[in-house]
Amino acid sequence: MARIVLHIDMDAFFASVEERYNPQFRGRPLVVGADPKGGQGRGVVSTCNYLARKYGIRSAMPISKAWSLAEAAQRRGEPATIFVEASYEAYAEISRRIMDFLRTQAAGFESGGIDEAYLELRIKNKELGIKATDWIEAEKLAQKIKLHIKKTEGLTASVGIGPNKLIAKIASDFKKPDGLMVVRPPEVIEFLAPLSIRVIPGIGPKAEIDLNKNGIKLIGDLQKLSEAELYDTFGDWGLWLARNARGESDSPVSDEGEIKSIGEQATFETDTLNPGALLDRLDKLCSHVFKRFRHSEFNTFRQVTITVRFFDFITRTRSKTLPKDENSSLILKREVILSFLPFLDDRENPKRKRIRLLGVRIEKFGRTSK
Ligand code: TTP
Ligand code: MG
């Protein structure tokens, strides 16, 4: 079935937000990530702006490596690089505002992470198939979205438009930053042919090495091979490669896979009924759960659940729906403790059984923009 899918991806997202709120950073190479500690820092680069990318700095690189690349650039007479630590809350809040806007812009919406989303247009007259005007409409929508994000957040996004999620995603990366790339069905094969196999989501460094060993570097190299040949060499994976190399994908744009709950649990080394140890563990679980919640696209929760498993594997869960949407870690901790205390006395644990595992979960999320 003919489709039109858009993929929107923010440019150098964390770094662009830092530049937006710290004008003194603008026009300079900027790295967001762990503290470099003069080259001794541990941890990695979250992202960097396009000026820092010229020095070879990349996401996920050790921060010490980024530091030495920046030093080397400076020795060559290039501008000094600024290093800042990530402010996840700020990025998450901006992301939520952008997602709230995007989800109203088309029939289908799917968040692809903190800085990216897919939209799918509703094709009005399905029997007639997609018309040239539908593609023009998609392009206009992309321009409108880019303009809105620029006006309201002062940030740029790149948009790819294609007949499915795979092509839209590859296209959004094609003209970064501030890009807009449209790939219509008859152009798909030619668009993909000169690109590295690494642009296919799911082909990582290991798969690249395997394919290179077989003389395959570009998507075009895969396109030259028949499905049968790829199957003979790579088995089922070969069939997957054949489909991807031809830009075929029928994965739907849908937010059904969206997370519905955030929870963690922990098993004790030895079963215990020591209130200090139990409450301490619950406190840590709450902190972890709350941290993940803060980094999620949601900003309220309304249900708190605890799990208690006794030494004999009998397991109890206790859920509480709160009177209103909440967003604080104090309330989470209070509710968890209130639900748990009865397990220390006759109310829930008359035989004083020792506890093997504890779990904390929150759900019923909301996302009201602040
Ligand atoms: P990306 O969209 O992959 O990167 P980006 O937005 O910084 O740059 P581009 O213009 O190429 O899209 O990731 C979005 C954000 O996610 C990024 O700003 C920081 C974060 N991130 C990490 O923290 N670690 C990582 O390894 C990657 C890839 C991203
Ligand atoms: Mg991005």
# chains A, B, ... in the order shown; residues from 1 in each chain; ligands from 1

$ select_by_dssp --residues "segment 222-345 of chain A" --states "strand (DSSP E)" --output "NGL selection string"
:A and (261-272 or 301-310 or 315-326)

$ select_by_dssp --residues "segment 39-117 of chain A" --states "alpha helix (DSSP H)" --output "ChimeraX atom specification"
/A:50-53,63-75,88-102

$ write_last_selection --atoms "N, CA and C atoms" --output "tab-separated table (two decimals), in the first residue's frame"
chain	number	residue	atom	x	y	z
A	50	TYR	N	28.24	20.77	15.17
A	50	TYR	CA	28.87	20.42	13.89
A	50	TYR	C	30.30	20.95	13.79
A	51	LEU	N	30.62	22.05	14.51
A	51	LEU	CA	32.00	22.55	14.49
A	51	LEU	C	32.92	21.53	15.17
A	52	ALA	N	32.47	20.95	16.28
A	52	ALA	CA	33.29	19.94	16.97
A	52	ALA	C	33.39	18.67	16.13
A	53	ARG	N	32.36	18.37	15.34
A	53	ARG	CA	32.42	17.16	14.48
A	53	ARG	C	33.54	17.29	13.46
A	63	ILE	N	35.31	10.49	26.44
A	63	ILE	CA	35.48	11.94	26.57
A	63	ILE	C	36.97	12.30	26.52
A	64	SER	N	37.83	11.37	26.97
A	64	SER	CA	39.28	11.63	26.95
A	64	SER	C	39.78	11.74	25.50
A	65	LYS	N	39.19	10.94	24.63
A	65	LYS	CA	39.56	10.98	23.20
A	65	LYS	C	39.11	12.31	22.60
A	66	ALA	N	37.87	12.73	22.96
A	66	ALA	CA	37.36	14.00	22.46
A	66	ALA	C	38.28	15.14	22.91
A	67	TRP	N	38.72	15.04	24.15
A	67	TRP	CA	39.61	16.06	24.70
A	67	TRP	C	40.91	16.13	23.89
A	68	SER	N	41.49	14.97	23.57
A	68	SER	CA	42.76	15.03	22.84
A	68	SER	C	42.55	15.51	21.41
A	69	LEU	N	41.42	15.18	20.79
A	69	LEU	CA	41.14	15.70	19.45
A	69	LEU	C	41.00	17.23	19.49
A	70	ALA	N	40.34	17.72	20.56
A	70	ALA	CA	40.16	19.18	20.70
A	70	ALA	C	41.51	19.86	20.91
A	71	GLU	N	42.36	19.22	21.72
A	71	GLU	CA	43.70	19.77	21.98
A	71	GLU	C	44.51	19.83	20.68
A	72	ALA	N	44.44	18.74	19.92
A	72	ALA	CA	45.19	18.67	18.66
A	72	ALA	C	44.73	19.78	17.72
A	73	ALA	N	43.41	20.01	17.67
A	73	ALA	CA	42.87	21.04	16.79
A	73	ALA	C	43.40	22.41	17.21
A	74	GLN	N	43.44	22.62	18.52
A	74	GLN	CA	43.89	23.91	19.03
A	74	GLN	C	45.36	24.13	18.68
A	75	ARG	N	46.12	23.05	18.76
A	75	ARG	CA	47.55	23.18	18.41
A	75	ARG	C	47.71	23.54	16.93
A	88	TYR	N	19.87	16.88	31.34
A	88	TYR	CA	18.82	16.06	30.75
A	88	TYR	C	17.42	16.63	30.94
A	89	GLU	N	17.19	17.23	32.12
A	89	GLU	CA	15.82	17.74	32.35
A	89	GLU	C	15.42	18.79	31.32
A	90	ALA	N	16.37	19.68	31.03
A	90	ALA	CA	16.07	20.73	30.05
A	90	ALA	C	15.78	20.10	28.69
A	91	TYR	N	16.59	19.12	28.29
A	91	TYR	CA	16.38	18.51	26.97
A	91	TYR	C	15.04	17.77	26.93
A	92	ALA	N	14.72	17.08	28.04
A	92	ALA	CA	13.48	16.31	28.07
A	92	ALA	C	12.27	17.24	27.97
A	93	GLU	N	12.36	18.39	28.62
A	93	GLU	CA	11.22	19.31	28.59
A	93	GLU	C	11.01	19.88	27.18
A	94	ILE	N	12.10	20.24	26.53
A	94	ILE	CA	11.99	20.77	25.16
A	94	ILE	C	11.47	19.68	24.24
A	95	SER	N	11.98	18.46	24.43
A	95	SER	CA	11.54	17.33	23.64
A	95	SER	C	10.03	17.14	23.78
A	96	ARG	N	9.54	17.22	25.02
A	96	ARG	CA	8.10	17.02	25.24
A	96	ARG	C	7.28	18.06	24.49
A	97	ARG	N	7.75	19.31	24.53
A	97	ARG	CA	6.99	20.36	23.82
A	97	ARG	C	6.97	20.08	22.32
A	98	ILE	N	8.11	19.67	21.78
A	98	ILE	CA	8.18	19.41	20.33
A	98	ILE	C	7.29	18.21	19.98
A	99	MET	N	7.34	17.16	20.80
A	99	MET	CA	6.53	15.96	20.53
A	99	MET	C	5.03	16.30	20.63
A	100	ASP	N	4.66	17.12	21.62
A	100	ASP	CA	3.24	17.50	21.76
A	100	ASP	C	2.76	18.19	20.49
A	101	PHE	N	3.63	19.01	19.90
A	101	PHE	CA	3.27	19.68	18.66
A	101	PHE	C	3.18	18.67	17.52
A	102	LEU	N	4.23	17.84	17.39
A	102	LEU	CA	4.29	16.92	16.24
A	102	LEU	C	3.10	15.96	16.21

$ residues_near_ligand --ligand "ligand 2" --cutoff "7 Å" --atoms "only C-alpha atoms and all ligand atoms" --output "PyMOL selection string"
chain A and resi 9-13+115-116

$ closest_residue --among "A:Phe234, A:Leu344, A:Leu121, A:Phe174" --to "Phe191 of chain A" --atoms "only C-alpha atoms"
A:Phe174

$ closest_residue --among "A:Phe25, A:Phe298, A:Trp237, A:Phe83" --to "Lys364 of chain A" --atoms "only C-alpha atoms"
A:Phe298

$ closest_residue --among "A:Ala2, A:Glu139, A:Arg302, A:Val32" --to "Arg122 of chain A" --atoms "only C-alpha atoms"
A:Ala2

$ closest_atom_pairs --of "chain A" --to "ligand 1" --cutoff "10 Å" --atoms "only C-alpha atoms and all ligand atoms" --output "Markdown table"
| residue | atom | partner | partner_atom_place_in_ligand_line | distance |
| --- | --- | --- | --- | --- |
| A:Ile8 | CA | ligand 1 | 12 (O) | 9.5 |
| A:Asp9 | CA | ligand 1 | 12 (O) | 5.8 |
| A:Met10 | CA | ligand 1 | 6 (O) | 5.1 |
| A:Asp11 | CA | ligand 1 | 10 (O) | 3.3 |
| A:Ala12 | CA | ligand 1 | 7 (O) | 3.2 |
| A:Phe13 | CA | ligand 1 | 18 (O) | 3.7 |
| A:Phe14 | CA | ligand 1 | 18 (O) | 4.0 |
| A:Ala15 | CA | ligand 1 | 18 (O) | 6.3 |
| A:Ser16 | CA | ligand 1 | 18 (O) | 7.9 |
| A:Val17 | CA | ligand 1 | 18 (O) | 8.7 |
| A:Val31 | CA | ligand 1 | 7 (O) | 9.9 |
| A:Val32 | CA | ligand 1 | 19 (C) | 7.9 |
| A:Gly33 | CA | ligand 1 | 23 (O) | 7.5 |
| A:Val44 | CA | ligand 1 | 24 (N) | 8.1 |
| A:Val45 | CA | ligand 1 | 24 (N) | 6.7 |
| A:Ser46 | CA | ligand 1 | 23 (O) | 3.6 |
| A:Thr47 | CA | ligand 1 | 19 (C) | 4.7 |
| A:Cys48 | CA | ligand 1 | 7 (O) | 6.2 |
| A:Asn49 | CA | ligand 1 | 7 (O) | 7.2 |
| A:Tyr50 | CA | ligand 1 | 10 (O) | 7.8 |
| A:Arg53 | CA | ligand 1 | 11 (O) | 9.7 |
| A:Arg58 | CA | ligand 1 | 26 (O) | 8.2 |
| A:Ser59 | CA | ligand 1 | 26 (O) | 4.5 |
| A:Ala60 | CA | ligand 1 | 26 (O) | 4.2 |
| A:Met61 | CA | ligand 1 | 26 (O) | 7.9 |
| A:Ala86 | CA | ligand 1 | 23 (O) | 8.3 |
| A:Tyr88 | CA | ligand 1 | 23 (O) | 9.2 |
| A:Tyr91 | CA | ligand 1 | 18 (O) | 8.7 |
| A:Gly112 | CA | ligand 1 | 2 (O) | 9.8 |
| A:Gly113 | CA | ligand 1 | 14 (C) | 7.7 |
| A:Ile114 | CA | ligand 1 | 14 (C) | 6.5 |
| A:Asp115 | CA | ligand 1 | 14 (C) | 5.3 |
| A:Glu116 | CA | ligand 1 | 2 (O) | 6.8 |
| A:Thr156 | CA | ligand 1 | 10 (O) | 9.1 |
| A:Ala157 | CA | ligand 1 | 10 (O) | 7.9 |
| A:Ser158 | CA | ligand 1 | 10 (O) | 7.8 |
| A:Ser172 | CA | ligand 1 | 12 (O) | 8.8 |
| A:Asp173 | CA | ligand 1 | 11 (O) | 7.0 |
| A:Phe174 | CA | ligand 1 | 11 (O) | 9.9 |
| A:Lys175 | CA | ligand 1 | 10 (O) | 9.8 |
| A:Lys176 | CA | ligand 1 | 10 (O) | 6.2 |
| A:Pro177 | CA | ligand 1 | 10 (O) | 5.9 |
| A:Asp178 | CA | ligand 1 | 10 (O) | 8.6 |
| A:Gly179 | CA | ligand 1 | 10 (O) | 9.9 |
